$ cat final-v2.cif   # mmCIF, C-alpha atoms
data_query
#
loop_
_atom_site.label_atom_id
_atom_site.label_comp_id
_atom_site.auth_asym_id
_atom_site.auth_seq_id
_atom_site.Cartn_x
_atom_site.Cartn_y
_atom_site.Cartn_z
CA MET A 1 14.35 5.88 64.16
CA GLU A 2 12.38 9.12 63.90
CA LYS A 3 8.83 9.44 65.22
CA LYS A 4 6.12 12.04 65.49
CA ILE A 5 3.47 12.57 68.16
CA ASP A 6 0.54 14.99 68.26
CA LEU A 7 -0.19 16.07 71.83
CA ARG A 8 -2.38 19.08 71.17
CA GLY A 9 -5.19 19.49 73.66
CA TYR A 10 -3.68 17.43 76.47
CA SER A 11 -3.10 19.07 79.82
CA CYS A 12 -0.11 18.70 82.13
CA PRO A 13 1.61 16.37 82.76
CA ILE A 14 0.29 14.07 80.04
CA PRO A 15 2.29 15.66 77.17
CA LEU A 16 5.50 15.21 79.14
CA LEU A 17 4.75 11.59 80.04
CA ARG A 18 3.79 10.63 76.48
CA THR A 19 6.89 12.38 75.10
CA ARG A 20 9.04 10.47 77.53
CA ASP A 21 7.37 7.17 76.62
CA ALA A 22 7.82 7.86 72.89
CA LEU A 23 11.50 8.74 73.34
CA ALA A 24 12.06 5.33 74.93
CA SER A 25 11.60 3.71 71.52
CA CYS A 26 13.19 6.24 69.13
CA ASP A 27 16.19 8.57 68.83
CA GLU A 28 14.46 11.49 67.21
CA LEU A 29 11.00 12.79 67.99
CA THR A 30 8.78 15.57 66.67
CA VAL A 31 6.14 16.74 69.14
CA ILE A 32 3.22 19.05 68.30
CA ILE A 33 1.89 20.87 71.31
CA ASP A 34 -0.45 23.79 72.16
CA GLU A 35 -0.06 24.24 75.92
CA PRO A 36 2.71 26.66 77.02
CA ALA A 37 3.16 24.90 80.37
CA ALA A 38 3.61 21.55 78.62
CA ARG A 39 6.13 23.06 76.18
CA GLU A 40 8.22 24.36 79.08
CA ASN A 41 8.01 21.04 80.94
CA ILE A 42 9.13 19.06 77.89
CA LEU A 43 12.04 21.44 77.18
CA LYS A 44 13.05 21.20 80.85
CA TYR A 45 12.92 17.41 80.67
CA ALA A 46 14.97 17.34 77.44
CA ALA A 47 17.59 19.60 79.04
CA SER A 48 17.72 17.39 82.14
CA GLN A 49 18.42 14.35 79.90
CA ARG A 50 20.97 16.32 77.82
CA TYR A 51 18.89 15.79 74.66
CA LYS A 52 19.01 18.40 71.91
CA ALA A 53 15.67 20.18 71.59
CA ASP A 54 14.48 22.97 69.28
CA CYS A 55 11.13 24.67 69.44
CA SER A 56 9.45 26.39 66.51
CA ASP A 57 8.19 29.95 66.96
CA GLY A 58 4.45 30.07 67.40
CA LYS A 59 1.66 31.77 69.25
CA ASP A 60 -0.87 29.02 69.87
CA GLU A 61 0.97 25.93 68.74
CA TRP A 62 4.55 24.72 68.73
CA THR A 63 6.56 21.95 67.11
CA LEU A 64 9.36 20.56 69.23
CA HIS A 65 12.16 18.55 67.68
CA ILE A 66 14.07 16.40 70.13
CA VAL A 67 17.19 14.42 69.30
CA LYS A 68 18.77 12.05 71.80
CA MET B 69 13.55 27.63 83.60
CA LEU B 70 11.91 29.87 86.18
CA SER B 71 14.19 32.69 87.15
CA THR B 72 15.18 33.03 90.79
CA VAL B 73 13.52 36.44 90.96
CA TRP B 74 10.05 35.00 90.25
CA ILE B 75 10.59 32.10 92.64
CA ILE B 76 11.51 34.52 95.45
CA ALA B 77 8.68 36.95 94.57
CA ALA B 78 6.03 34.20 94.59
CA GLY B 79 7.37 32.57 97.78
CA LEU B 80 7.45 35.84 99.71
CA ALA B 81 4.14 37.18 98.36
CA PHE B 82 2.23 34.02 99.35
CA GLY B 83 4.07 33.45 102.66
CA LEU B 84 4.16 37.02 104.00
CA GLY B 85 0.85 37.95 102.35
CA ALA B 86 -0.96 35.08 104.11
CA VAL B 87 0.25 36.12 107.57
CA LEU B 88 -0.39 39.83 106.92
CA LEU B 89 -3.96 39.03 105.84
CA VAL B 90 -4.49 37.28 109.18
CA GLN B 91 -3.11 40.38 110.93
CA ALA B 92 -5.54 42.48 108.86
CA GLY B 93 -8.53 40.44 110.00
CA ASN B 94 -8.70 36.96 108.39
CA PRO B 95 -9.08 33.97 110.79
CA GLY B 96 -5.93 32.16 112.01
CA ASN B 97 -3.75 30.48 109.36
CA TYR B 98 -6.43 31.51 106.86
CA GLY B 99 -4.65 34.14 104.78
CA PHE B 100 -4.99 32.13 101.58
CA CYS B 101 -6.90 28.90 100.99
CA ALA B 102 -8.30 27.91 97.63
CA ALA B 103 -10.75 25.46 99.20
CA CYS B 104 -11.96 27.24 102.35
CA HIS B 105 -12.24 30.60 100.63
CA LEU B 106 -14.30 29.02 97.83
CA ARG B 107 -16.44 27.32 100.50
CA ASP B 108 -17.07 30.77 102.04
CA ILE B 109 -17.98 32.07 98.57
CA ALA B 110 -20.40 29.15 98.20
CA GLY B 111 -21.93 30.31 101.49
CA ALA B 112 -22.15 33.92 100.31
CA LEU B 113 -24.01 32.73 97.21
CA GLY B 114 -26.40 30.62 99.28
CA ILE B 115 -25.11 27.28 97.93
CA HIS B 116 -24.87 26.17 101.56
CA LYS B 117 -26.62 27.70 104.55
CA VAL B 118 -24.05 27.57 107.33
CA PRO B 119 -24.46 31.06 108.84
CA VAL B 120 -20.85 31.37 110.06
CA LEU B 121 -19.24 30.49 106.72
CA GLN B 122 -20.63 33.13 104.37
CA TYR B 123 -18.33 35.72 102.83
CA ALA B 124 -17.34 36.24 99.19
CA ARG B 125 -13.58 36.33 99.87
CA PRO B 126 -11.98 38.86 97.52
CA GLU B 127 -8.62 37.01 97.61
CA ILE B 128 -10.13 34.45 95.21
CA MET B 129 -11.51 37.09 92.84
CA GLY B 130 -8.10 38.77 92.99
CA TRP B 131 -6.41 35.53 91.94
CA VAL B 132 -8.67 35.16 88.93
CA ILE B 133 -8.47 38.83 87.84
CA GLY B 134 -4.67 39.05 88.44
CA ALA B 135 -4.00 35.85 86.49
CA PHE B 136 -6.33 36.97 83.69
CA VAL B 137 -4.62 40.37 83.30
CA LEU B 138 -1.19 38.75 83.16
CA SER B 139 -2.26 36.05 80.71
CA LYS B 140 -3.77 38.70 78.41
CA THR B 141 -0.59 40.80 78.67
CA THR B 142 1.71 37.90 77.82
CA GLY B 143 -0.58 36.54 75.09
CA GLU B 144 -1.11 33.24 76.90
CA PHE B 145 -4.86 33.74 77.30
CA ARG B 146 -6.53 31.10 75.17
CA PRO B 147 -10.18 30.00 75.38
CA ARG B 148 -10.21 26.20 75.34
CA GLY B 149 -12.13 23.26 76.74
CA GLY B 150 -14.03 20.08 76.06
CA SER B 151 -11.95 17.53 77.93
CA ALA B 152 -14.47 15.46 79.92
CA PRO B 153 -16.15 18.42 81.68
CA LEU B 154 -18.57 16.32 83.75
CA ILE B 155 -15.76 14.17 85.14
CA ARG B 156 -13.86 17.37 85.97
CA PHE B 157 -16.94 18.71 87.76
CA MET B 158 -17.15 15.54 89.83
CA LEU B 159 -13.42 15.43 90.62
CA GLY B 160 -13.62 19.12 91.59
CA ALA B 161 -16.43 18.32 94.03
CA LEU B 162 -14.42 15.40 95.49
CA MET B 163 -11.32 17.60 95.76
CA MET B 164 -13.37 20.10 97.78
CA LEU B 165 -14.80 17.34 99.97
CA GLY B 166 -11.29 16.06 100.80
CA ALA B 167 -10.09 19.58 101.57
CA LEU B 168 -13.08 20.28 103.83
CA VAL B 169 -12.46 17.06 105.77
CA PHE B 170 -8.91 18.27 106.50
CA LEU B 171 -10.01 21.93 106.67
CA GLY B 172 -7.75 23.36 104.00
CA CYS B 173 -6.34 22.99 100.52
CA PRO B 174 -2.68 21.94 100.19
CA LEU B 175 -1.65 25.62 100.27
CA ARG B 176 -3.38 26.07 103.64
CA ALA B 177 -1.75 22.83 104.85
CA LEU B 178 1.60 24.50 104.22
CA LEU B 179 0.45 27.73 105.86
CA ARG B 180 -0.95 25.84 108.87
CA LEU B 181 2.41 24.10 109.26
CA ALA B 182 4.14 27.49 109.09
CA GLY B 183 1.90 28.58 111.98
CA GLY B 184 3.13 25.61 114.01
CA ASP B 185 0.04 23.42 113.37
CA LEU B 186 1.59 19.95 113.17
CA ASN B 187 -1.61 18.49 111.66
CA GLY B 188 -0.22 20.01 108.46
CA ILE B 189 2.44 17.27 108.43
CA THR B 190 -0.11 14.44 108.49
CA ALA B 191 -2.09 16.17 105.77
CA MET B 192 0.95 16.83 103.56
CA ALA B 193 1.93 13.14 103.90
CA GLY B 194 -1.55 12.21 102.67
CA PHE B 195 -1.30 14.72 99.83
CA LEU B 196 2.06 13.26 98.70
CA ALA B 197 0.69 9.72 98.85
CA GLY B 198 -2.28 10.87 96.75
CA ILE B 199 -0.02 12.43 94.12
CA GLY B 200 1.99 9.17 94.03
CA THR B 201 -1.24 7.21 93.41
CA GLY B 202 -2.28 9.68 90.69
CA ILE B 203 1.08 9.28 88.96
CA VAL B 204 0.59 5.49 88.85
CA PHE B 205 -2.68 6.07 86.93
CA LEU B 206 -0.98 8.59 84.61
CA ARG B 207 1.84 6.15 83.86
CA ASN B 208 -0.75 3.54 82.95
CA GLY B 209 -2.23 5.81 80.30
CA PHE B 210 -4.84 7.82 82.23
CA SER B 211 -6.18 10.84 80.36
CA LEU B 212 -9.41 12.82 80.32
CA GLY B 213 -8.98 13.33 76.57
CA ARG B 214 -8.06 16.31 74.45
CA ALA B 215 -9.35 19.83 74.96
CA ARG B 216 -9.73 22.03 71.91
CA THR B 217 -9.12 25.69 71.31
CA ILE B 218 -12.42 27.58 71.11
CA SER B 219 -12.65 30.15 68.34
CA GLY B 220 -15.36 32.40 66.93
CA PRO B 221 -18.10 34.02 69.03
CA VAL B 222 -18.17 31.03 71.43
CA ALA B 223 -14.64 32.01 72.51
CA PHE B 224 -16.37 34.44 74.87
CA THR B 225 -16.91 31.49 77.24
CA GLY B 226 -13.19 31.74 78.01
CA TYR B 227 -13.87 35.16 79.59
CA LEU B 228 -16.78 34.04 81.79
CA SER B 229 -14.58 33.22 84.81
CA VAL B 230 -13.08 36.70 84.95
CA VAL B 231 -16.45 38.36 84.28
CA PHE B 232 -17.91 36.41 87.19
CA ALA B 233 -14.93 37.36 89.40
CA VAL B 234 -15.30 41.08 88.59
CA VAL B 235 -19.06 41.02 89.25
CA LEU B 236 -18.57 39.17 92.55
CA ALA B 237 -15.77 41.56 93.65
CA ALA B 238 -17.97 44.57 92.88
CA ALA B 239 -20.93 42.94 94.67
CA VAL B 240 -19.00 42.20 97.86
CA ALA B 241 -17.50 45.71 97.85
CA ALA B 242 -21.00 47.19 97.48
CA GLY B 243 -22.44 44.85 100.13
CA ALA B 244 -24.97 43.59 97.55
CA SER B 245 -28.18 42.25 99.03
CA PHE B 246 -28.08 39.01 96.99
CA LEU B 247 -24.97 37.92 98.90
CA TYR B 248 -24.99 36.44 102.40
CA PHE B 249 -22.57 37.98 104.92
CA SER B 250 -21.81 36.16 108.18
CA THR B 251 -22.28 38.32 111.24
CA LYS B 252 -20.36 35.95 113.54
CA GLY B 253 -17.81 33.12 113.26
CA PRO B 254 -15.00 32.73 110.71
CA GLY B 255 -17.09 34.19 107.88
CA SER B 256 -17.35 37.50 109.74
CA GLN B 257 -13.57 37.71 110.21
CA HIS B 258 -11.84 39.20 107.23
CA ALA B 259 -9.30 41.76 106.14
CA PRO B 260 -10.63 45.00 104.57
CA ILE B 261 -11.96 44.23 101.09
CA LEU B 262 -9.42 46.34 99.20
CA ILE B 263 -6.46 44.74 101.02
CA SER B 264 -7.79 41.21 100.32
CA LEU B 265 -8.35 42.08 96.67
CA ILE B 266 -4.89 43.60 96.18
CA ALA B 267 -3.25 40.62 97.93
CA GLY B 268 -5.18 38.33 95.58
CA LEU B 269 -4.29 40.33 92.47
CA ILE B 270 -0.54 40.21 93.22
CA THR B 271 -0.43 36.54 94.19
CA GLY B 272 -2.75 35.55 91.32
CA ALA B 273 -0.45 37.15 88.76
CA LEU B 274 2.58 35.49 90.39
CA ALA B 275 0.82 32.10 90.46
CA MET B 276 0.13 32.50 86.73
CA LYS B 277 3.70 33.56 86.00
CA THR B 278 5.29 30.69 87.94
CA ARG B 279 2.52 28.17 87.08
CA MET B 280 2.45 27.48 90.77
CA CYS B 281 0.63 24.27 91.60
CA LEU B 282 0.94 22.39 94.85
CA SER B 283 0.43 18.98 93.24
CA GLY B 284 2.43 19.96 90.13
CA GLY B 285 5.49 20.89 92.21
CA PHE B 286 5.81 17.45 93.76
CA ARG B 287 4.79 15.75 90.53
CA ASP B 288 7.53 17.60 88.56
CA PHE B 289 10.03 16.60 91.21
CA PHE B 290 9.02 12.92 91.07
CA LEU B 291 8.90 12.86 87.26
CA VAL B 292 11.74 15.12 86.08
CA LYS B 293 13.57 16.18 89.26
CA ASP B 294 12.62 19.82 88.66
CA THR B 295 12.67 21.73 91.95
CA SER B 296 11.55 25.27 90.88
CA LEU B 297 8.09 24.97 92.41
CA LEU B 298 9.37 23.16 95.51
CA LYS B 299 11.65 26.15 96.15
CA ILE B 300 8.57 28.40 96.13
CA TYR B 301 6.87 26.17 98.74
CA GLY B 302 10.04 26.24 100.86
CA LEU B 303 10.03 30.03 100.75
CA ILE B 304 6.30 30.25 101.52
CA PHE B 305 6.88 28.05 104.56
CA LEU B 306 9.95 29.94 105.80
CA SER B 307 8.59 33.44 105.25
CA ALA B 308 5.18 32.60 106.77
CA ALA B 309 6.84 30.88 109.76
CA ALA B 310 9.17 33.87 110.29
CA ALA B 311 6.25 36.30 110.07
CA ASN B 312 4.17 34.17 112.48
CA LEU B 313 7.07 34.18 114.98
CA PHE B 314 7.38 37.95 114.56
CA PHE B 315 3.68 38.58 115.23
CA GLY B 316 3.46 35.97 117.99
CA THR B 317 0.99 33.81 116.03
CA PHE B 318 3.31 30.77 115.84
CA LYS B 319 2.01 28.02 118.12
CA LEU B 320 3.66 24.61 117.91
CA GLY B 321 1.52 21.51 118.47
CA PHE B 322 -1.40 19.41 117.28
CA THR B 323 -4.11 20.72 119.60
CA GLY B 324 -5.81 24.09 120.01
CA GLN B 325 -5.01 25.23 116.47
CA PRO B 326 -7.28 27.67 114.61
CA LEU B 327 -9.90 26.05 112.32
CA ALA B 328 -8.37 22.58 112.71
CA HIS B 329 -9.03 19.16 114.25
CA THR B 330 -6.70 16.37 115.33
CA MET B 331 -8.26 13.29 113.71
CA HIS B 332 -4.98 12.23 112.09
CA LEU B 333 -6.37 9.47 109.87
CA TRP B 334 -8.90 11.87 108.33
CA ASN B 335 -6.39 14.68 107.93
CA PHE B 336 -4.27 12.17 106.00
CA LEU B 337 -7.10 10.71 103.93
CA GLY B 338 -8.72 14.11 103.27
CA LEU B 339 -5.65 15.44 101.52
CA TYR B 340 -4.96 11.99 100.03
CA LEU B 341 -8.26 12.41 98.16
CA VAL B 342 -7.18 15.93 97.14
CA GLY B 343 -3.80 14.60 95.92
CA VAL B 344 -5.29 11.88 93.71
CA SER B 345 -8.02 14.20 92.32
CA ALA B 346 -5.57 17.07 91.67
CA THR B 347 -3.16 14.80 89.82
CA LEU B 348 -5.94 13.37 87.64
CA LEU B 349 -7.23 16.92 87.01
CA GLY B 350 -3.76 18.29 86.18
CA GLY B 351 -3.74 20.86 88.99
CA CYS B 352 -4.47 21.64 92.64
CA PRO B 353 -7.42 23.88 93.67
CA LEU B 354 -5.28 27.04 93.32
CA ARG B 355 -4.06 26.06 89.87
CA GLN B 356 -7.62 25.29 88.71
CA LEU B 357 -8.62 28.88 89.57
CA ILE B 358 -5.60 30.29 87.73
CA MET B 359 -6.25 28.13 84.64
CA ALA B 360 -9.92 29.13 84.67
CA ALA B 361 -8.70 32.73 84.48
CA ASP B 362 -6.49 32.13 81.43
CA GLY B 363 -9.35 30.79 79.33
CA ASN B 364 -9.49 27.11 80.34
CA THR B 365 -13.22 26.35 80.56
CA ASP B 366 -12.51 22.81 81.81
CA ALA B 367 -10.79 24.31 84.85
CA ALA B 368 -13.77 26.66 85.26
CA ILE B 369 -16.08 23.60 85.32
CA CYS B 370 -13.82 22.07 87.97
CA VAL B 371 -14.16 25.27 90.07
CA LEU B 372 -17.97 25.02 89.72
CA GLY B 373 -17.63 21.42 90.90
CA MET B 374 -15.69 22.66 93.92
CA LEU B 375 -18.45 25.19 94.74
CA ALA B 376 -21.07 22.44 94.40
CA GLY B 377 -18.90 20.12 96.50
CA ALA B 378 -18.78 22.75 99.26
CA GLY B 379 -22.57 22.98 99.12
CA VAL B 380 -23.08 19.22 99.36
CA ALA B 381 -20.40 18.76 102.04
CA HIS B 382 -21.98 21.35 104.34
CA THR B 383 -25.61 20.46 103.60
CA LEU B 384 -25.10 16.74 104.19
CA ASN B 385 -22.91 17.25 107.28
CA MET B 386 -19.74 15.85 105.71
CA ALA B 387 -17.38 18.78 106.31
CA ALA B 388 -15.13 18.80 109.36
CA SER B 389 -15.12 21.45 112.08
CA GLY B 390 -12.92 22.10 115.08
CA ALA B 391 -14.81 19.22 116.73
CA GLY B 392 -13.62 16.68 114.13
CA VAL B 393 -14.91 14.85 111.06
CA PRO B 394 -18.56 13.68 111.16
CA LEU B 395 -19.34 10.08 110.20
CA ASN B 396 -20.90 11.27 106.92
CA GLY B 397 -17.59 12.93 106.02
CA GLN B 398 -15.62 9.79 106.78
CA LEU B 399 -17.94 7.69 104.61
CA ALA B 400 -17.86 10.28 101.81
CA VAL B 401 -14.04 10.39 101.74
CA GLY B 402 -13.97 6.58 101.50
CA VAL B 403 -16.47 6.59 98.65
CA GLY B 404 -14.61 9.52 97.02
CA ILE B 405 -11.33 7.62 97.03
CA VAL B 406 -13.03 4.61 95.40
CA ILE B 407 -14.54 6.90 92.73
CA THR B 408 -11.15 8.51 91.92
CA PHE B 409 -9.63 5.03 91.57
CA ALA B 410 -12.42 4.03 89.20
CA VAL B 411 -11.90 7.19 87.10
CA GLY B 412 -8.12 6.67 87.10
CA TRP B 413 -8.50 3.09 85.94
CA LEU B 414 -11.34 3.48 83.42
CA PHE B 415 -10.11 6.57 81.55
CA ARG B 416 -7.07 5.16 79.84
CA GLU B 417 -6.18 5.77 76.23
CA LYS B 418 -3.34 5.16 73.84
CA VAL B 419 -1.80 8.09 71.99
CA LEU B 420 -0.79 7.27 68.45
CA VAL B 421 2.93 7.62 67.77
CA GLU B 422 3.61 7.89 64.03
CA ALA B 423 6.84 6.53 62.61
CA THR B 424 8.15 9.09 60.13
CA ALA B 425 11.39 7.37 59.11
#
$ encode --input "final-v2.cif" --output "structure tokens"
Amino acid sequence: MEKKIDLRGYSCPIPLLRTRDALASCDELTVIIDEPAARENILKYAASQRYKADCSDGKDEWTLHIVK
Amino acid sequence: MLSTVWIIAAGLAFGLGAVLLVQAGNPGNYGFCAACHLRDIAGALGIHKVPVLQYARPEIMGWVIGAFVLSKTTGEFRPRGGSAPLIRFMLGALMMLGALVFLGCPLRALLRLAGGDLNGITAMAGFLAGIGTGIVFLRNGFSLGRARTISGPVAFTGYLSVVFAVVLAAAVAAGASFLYFSTKGPGSQHAPILISLIAGLITGALAMKTRMCLSGGFRDFFLVKDTSLLKIYGLIFLSAAAANLFFGTFKLGFTGQPLAHTMHLWNFLGLYLVGVSATLLGGCPLRQLIMAADGNTDAAICVLGMLAGAGVAHTLNMAASGAGVPLNGQLAVGVGIVITFAVGWLFREKVLVEATA
């Protein structure tokens, strides 16, 4: 199942925790985020779990697509 | 991933820089400390009236200006705020209270340990336990709510932290009459202003680049097994310990340490309170200053809370000294821990996850 979560405005480490919680119940997740530190943390987490993750180009806001 | 070059640069700059600042005039194991230096700034501004703790330490202004310049250069500067500012103010004050009961922020705990002060171990254990407690609240849905990006003319508020830092740096350099300057005690001991400022500028930029955060490092390790920040702490410890051995300022033991006491329970609980507060706030005292510089007005409110906390702690005789922790400080830490638990428990929310397929 594919899901989407909007985590704009949350500070570390909440975006990472909520992403991790959401991935527990789906195989594909789109995450909207606006904090560079949170984006890096989520990408690091995805890499550590060997999930596939892409990040859109953006200046103030990014969309991450994570596939288990 | 943080490249090895930045990890090494940050580790060495903080570790060696701290010891060199002591050689240049700062008190023992007092090269960098987000809490004590802010407390001295509070004294310089007259927020508390302890005559020996008044000096607007330029290391702090350097952190803010260095981080601001880098964040502007990389395009990461972004005025934002609005996530429970009053709660952040209060948690900032409690974080300062915990640090002043131990006599140091987590960074100084590491630096004290690197100077052979074994009280740093007790304090670090408390800090780790506090982070663990904070993580339990986070896992149960704790959040202070969303911040929003500030645009339009109001976006200027994102620059207020750096404006304040520049004004304060200029004022201390000029010996401005509206600032208090200690004539004896720790507040009178300091490196030359320019050296302190340059040390702050370099380490502030590196802290911004690496997103260095004492609570964040352990938190990332617990949550995602990421060790980048822990490597920086390891290097800070090793380089500061080596430099202390070189200069003959390494002294192993619990007693007779500079600006320290040996009340183990309160060293533990002081940084326990800092650990819980920092995890709920999303950053240790150092990180709050760096985030304030890159446009985060919530972090700036937290820093104001820390300044107010320093004022209250010293006015109401809660802060520790070499003689130990006064009864008021012990009571305040107990009450502070209860308040952080209440905040951690009450501020829970559910984030909506939309099913798209």
$ closest_atom_pairs --input "final-v2.cif" --of "chain A" --to "chain B" --cutoff "10 Å" --atoms "all atoms listed in the file" --output "JSON lines"
{"residue": "A:Met1", "atom": "CA", "partner": "B:Ala425", "partner_atom": "CA", "distance": 6.0}
{"residue": "A:Glu2", "atom": "CA", "partner": "B:Ala425", "partner_atom": "CA", "distance": 5.2}
{"residue": "A:Lys3", "atom": "CA", "partner": "B:Ala423", "partner_atom": "CA", "distance": 4.4}
{"residue": "A:Lys4", "atom": "CA", "partner": "B:Glu422", "partner_atom": "CA", "distance": 5.1}
{"residue": "A:Ile5", "atom": "CA", "partner": "B:Val421", "partner_atom": "CA", "distance": 5.0}
{"residue": "A:Asp6", "atom": "CA", "partner": "B:Val421", "partner_atom": "CA", "distance": 7.8}
{"residue": "A:Leu7", "atom": "CA", "partner": "B:Val419", "partner_atom": "CA", "distance": 8.1}
{"residue": "A:Arg8", "atom": "CA", "partner": "B:Arg214", "partner_atom": "CA", "distance": 7.1}
{"residue": "A:Gly9", "atom": "CA", "partner": "B:Arg214", "partner_atom": "CA", "distance": 4.4}
{"residue": "A:Tyr10", "atom": "CA", "partner": "B:Arg214", "partner_atom": "CA", "distance": 5.0}
{"residue": "A:Ser11", "atom": "CA", "partner": "B:Gly350", "partner_atom": "CA", "distance": 6.4}
{"residue": "A:Cys12", "atom": "CA", "partner": "B:Gly350", "partner_atom": "CA", "distance": 5.5}
{"residue": "A:Pro13", "atom": "CA", "partner": "B:Gly350", "partner_atom": "CA", "distance": 6.6}
{"residue": "A:Ile14", "atom": "CA", "partner": "B:Ser211", "partner_atom": "CA", "distance": 7.2}
{"residue": "A:Leu16", "atom": "CA", "partner": "B:Leu291", "partner_atom": "CA", "distance": 9.1}
{"residue": "A:Leu17", "atom": "CA", "partner": "B:Arg207", "partner_atom": "CA", "distance": 7.3}
{"residue": "A:Arg18", "atom": "CA", "partner": "B:Val419", "partner_atom": "CA", "distance": 7.6}
{"residue": "A:Thr19", "atom": "CA", "partner": "B:Val421", "partner_atom": "CA", "distance": 9.6}
{"residue": "A:Asp21", "atom": "CA", "partner": "B:Arg207", "partner_atom": "CA", "distance": 9.2}
{"residue": "A:Ala22", "atom": "CA", "partner": "B:Val421", "partner_atom": "CA", "distance": 7.1}
{"residue": "A:Cys26", "atom": "CA", "partner": "B:Ala423", "partner_atom": "CA", "distance": 9.1}
{"residue": "A:Glu28", "atom": "CA", "partner": "B:Ala425", "partner_atom": "CA", "distance": 9.6}
{"residue": "A:Leu29", "atom": "CA", "partner": "B:Thr424", "partner_atom": "CA", "distance": 9.1}
{"residue": "A:Thr30", "atom": "CA", "partner": "B:Thr424", "partner_atom": "CA", "distance": 9.2}
{"residue": "A:Val31", "atom": "CA", "partner": "B:Val421", "partner_atom": "CA", "distance": 9.8}
{"residue": "A:Asp34", "atom": "CA", "partner": "B:Thr217", "partner_atom": "CA", "distance": 8.9}
{"residue": "A:Glu35", "atom": "CA", "partner": "B:Glu144", "partner_atom": "CA", "distance": 9.1}
{"residue": "A:Pro36", "atom": "CA", "partner": "B:Glu144", "partner_atom": "CA", "distance": 7.6}
{"residue": "A:Ala37", "atom": "CA", "partner": "B:Arg279", "partner_atom": "CA", "distance": 7.5}
{"residue": "A:Glu40", "atom": "CA", "partner": "B:Met69", "partner_atom": "CA", "distance": 7.7}
{"residue": "A:Asn41", "atom": "CA", "partner": "B:Asp288", "partner_atom": "CA", "distance": 8.4}
{"residue": "A:Ile42", "atom": "CA", "partner": "B:Val292", "partner_atom": "CA", "distance": 9.5}
{"residue": "A:Leu43", "atom": "CA", "partner": "B:Met69", "partner_atom": "CA", "distance": 9.0}
{"residue": "A:Lys44", "atom": "CA", "partner": "B:Met69", "partner_atom": "CA", "distance": 7.0}
{"residue": "A:Tyr45", "atom": "CA", "partner": "B:Val292", "partner_atom": "CA", "distance": 6.0}
{"residue": "A:Ala46", "atom": "CA", "partner": "B:Val292", "partner_atom": "CA", "distance": 9.5}
{"residue": "A:Ser48", "atom": "CA", "partner": "B:Val292", "partner_atom": "CA", "distance": 7.5}
{"residue": "A:Gln49", "atom": "CA", "partner": "B:Val292", "partner_atom": "CA", "distance": 9.1}
{"residue": "A:Lys59", "atom": "CA", "partner": "B:Gly143", "partner_atom": "CA", "distance": 7.9}
{"residue": "A:Asp60", "atom": "CA", "partner": "B:Arg146", "partner_atom": "CA", "distance": 8.0}
$ write_last_selection --input "final-v2.cif" --atoms "C-alpha atoms" --output "compact mmCIF listing (two decimals), keeping the file's coordinate frame"
# COMPACT_ATOMS: atom_id res chain seq x y z
CA MET A 1 14.35 5.88 64.16
CA GLU A 2 12.38 9.12 63.90
CA LYS A 3 8.83 9.44 65.22
CA LYS A 4 6.12 12.04 65.49
CA ILE A 5 3.47 12.57 68.16
CA ASP A 6 0.54 14.99 68.26
CA LEU A 7 -0.19 16.07 71.83
CA ARG A 8 -2.38 19.08 71.17
CA GLY A 9 -5.19 19.49 73.66
CA TYR A 10 -3.68 17.43 76.47
CA SER A 11 -3.10 19.07 79.82
CA CYS A 12 -0.11 18.70 82.13
CA PRO A 13 1.61 16.37 82.76
CA ILE A 14 0.29 14.07 80.04
CA LEU A 16 5.50 15.21 79.14
CA LEU A 17 4.75 11.59 80.04
CA ARG A 18 3.79 10.63 76.48
CA THR A 19 6.89 12.38 75.10
CA ASP A 21 7.37 7.17 76.62
CA ALA A 22 7.82 7.86 72.89
CA CYS A 26 13.19 6.24 69.13
CA GLU A 28 14.46 11.49 67.21
CA LEU A 29 11.00 12.79 67.99
CA THR A 30 8.78 15.57 66.67
CA VAL A 31 6.14 16.74 69.14
CA ASP A 34 -0.45 23.79 72.16
CA GLU A 35 -0.06 24.24 75.92
CA PRO A 36 2.71 26.66 77.02
CA ALA A 37 3.16 24.90 80.37
CA GLU A 40 8.22 24.36 79.08
CA ASN A 41 8.01 21.04 80.94
CA ILE A 42 9.13 19.06 77.89
CA LEU A 43 12.04 21.44 77.18
CA LYS A 44 13.05 21.20 80.85
CA TYR A 45 12.92 17.41 80.67
CA ALA A 46 14.97 17.34 77.44
CA SER A 48 17.72 17.39 82.14
CA GLN A 49 18.42 14.35 79.90
CA LYS A 59 1.66 31.77 69.25
CA ASP A 60 -0.87 29.02 69.87
$ resolve_selection --input "final-v2.cif" --expression "the PyMOL selection byres ((chain B and resi 133) around 10)" --output "VMD selection string"
chain B and resid 127 to 132 134 to 139 229 to 234 237 265 268 to 270 272 to 273 358 361 to 362
$ closest_residue --input "final-v2.cif" --among "B:Val342, B:Val169, B:Ala387, B:Ala360" --to "Thr408 (chain B)" --atoms "only C-alpha atoms"
B:Val342
$ residues_around --input "final-v2.cif" --residues "Pro147 (chain B)" --least-positions-apart "5" --cutoff "7 Å" --atoms "all atoms listed in the file" --output "number ranges by chain"
B: 217-218, 223, 226, 363-364
$ atom_distance --input "final-v2.cif" --atom1 "CA of Arg416 (chain B)" --atom2 "CA of Pro15 (chain A)"
14.3 Å
$ atom_distance --input "final-v2.cif" --atom1 "CA of Ala238 (chain B)" --atom2 "CA of Gly111 (chain B)"
17.1 Å
$ closest_residue --input "final-v2.cif" --among "B:Val401, B:Ala391, B:Ala259, B:Ala367" --to "Pro326 (chain B)" --atoms "all atoms listed in the file"
B:Ala391
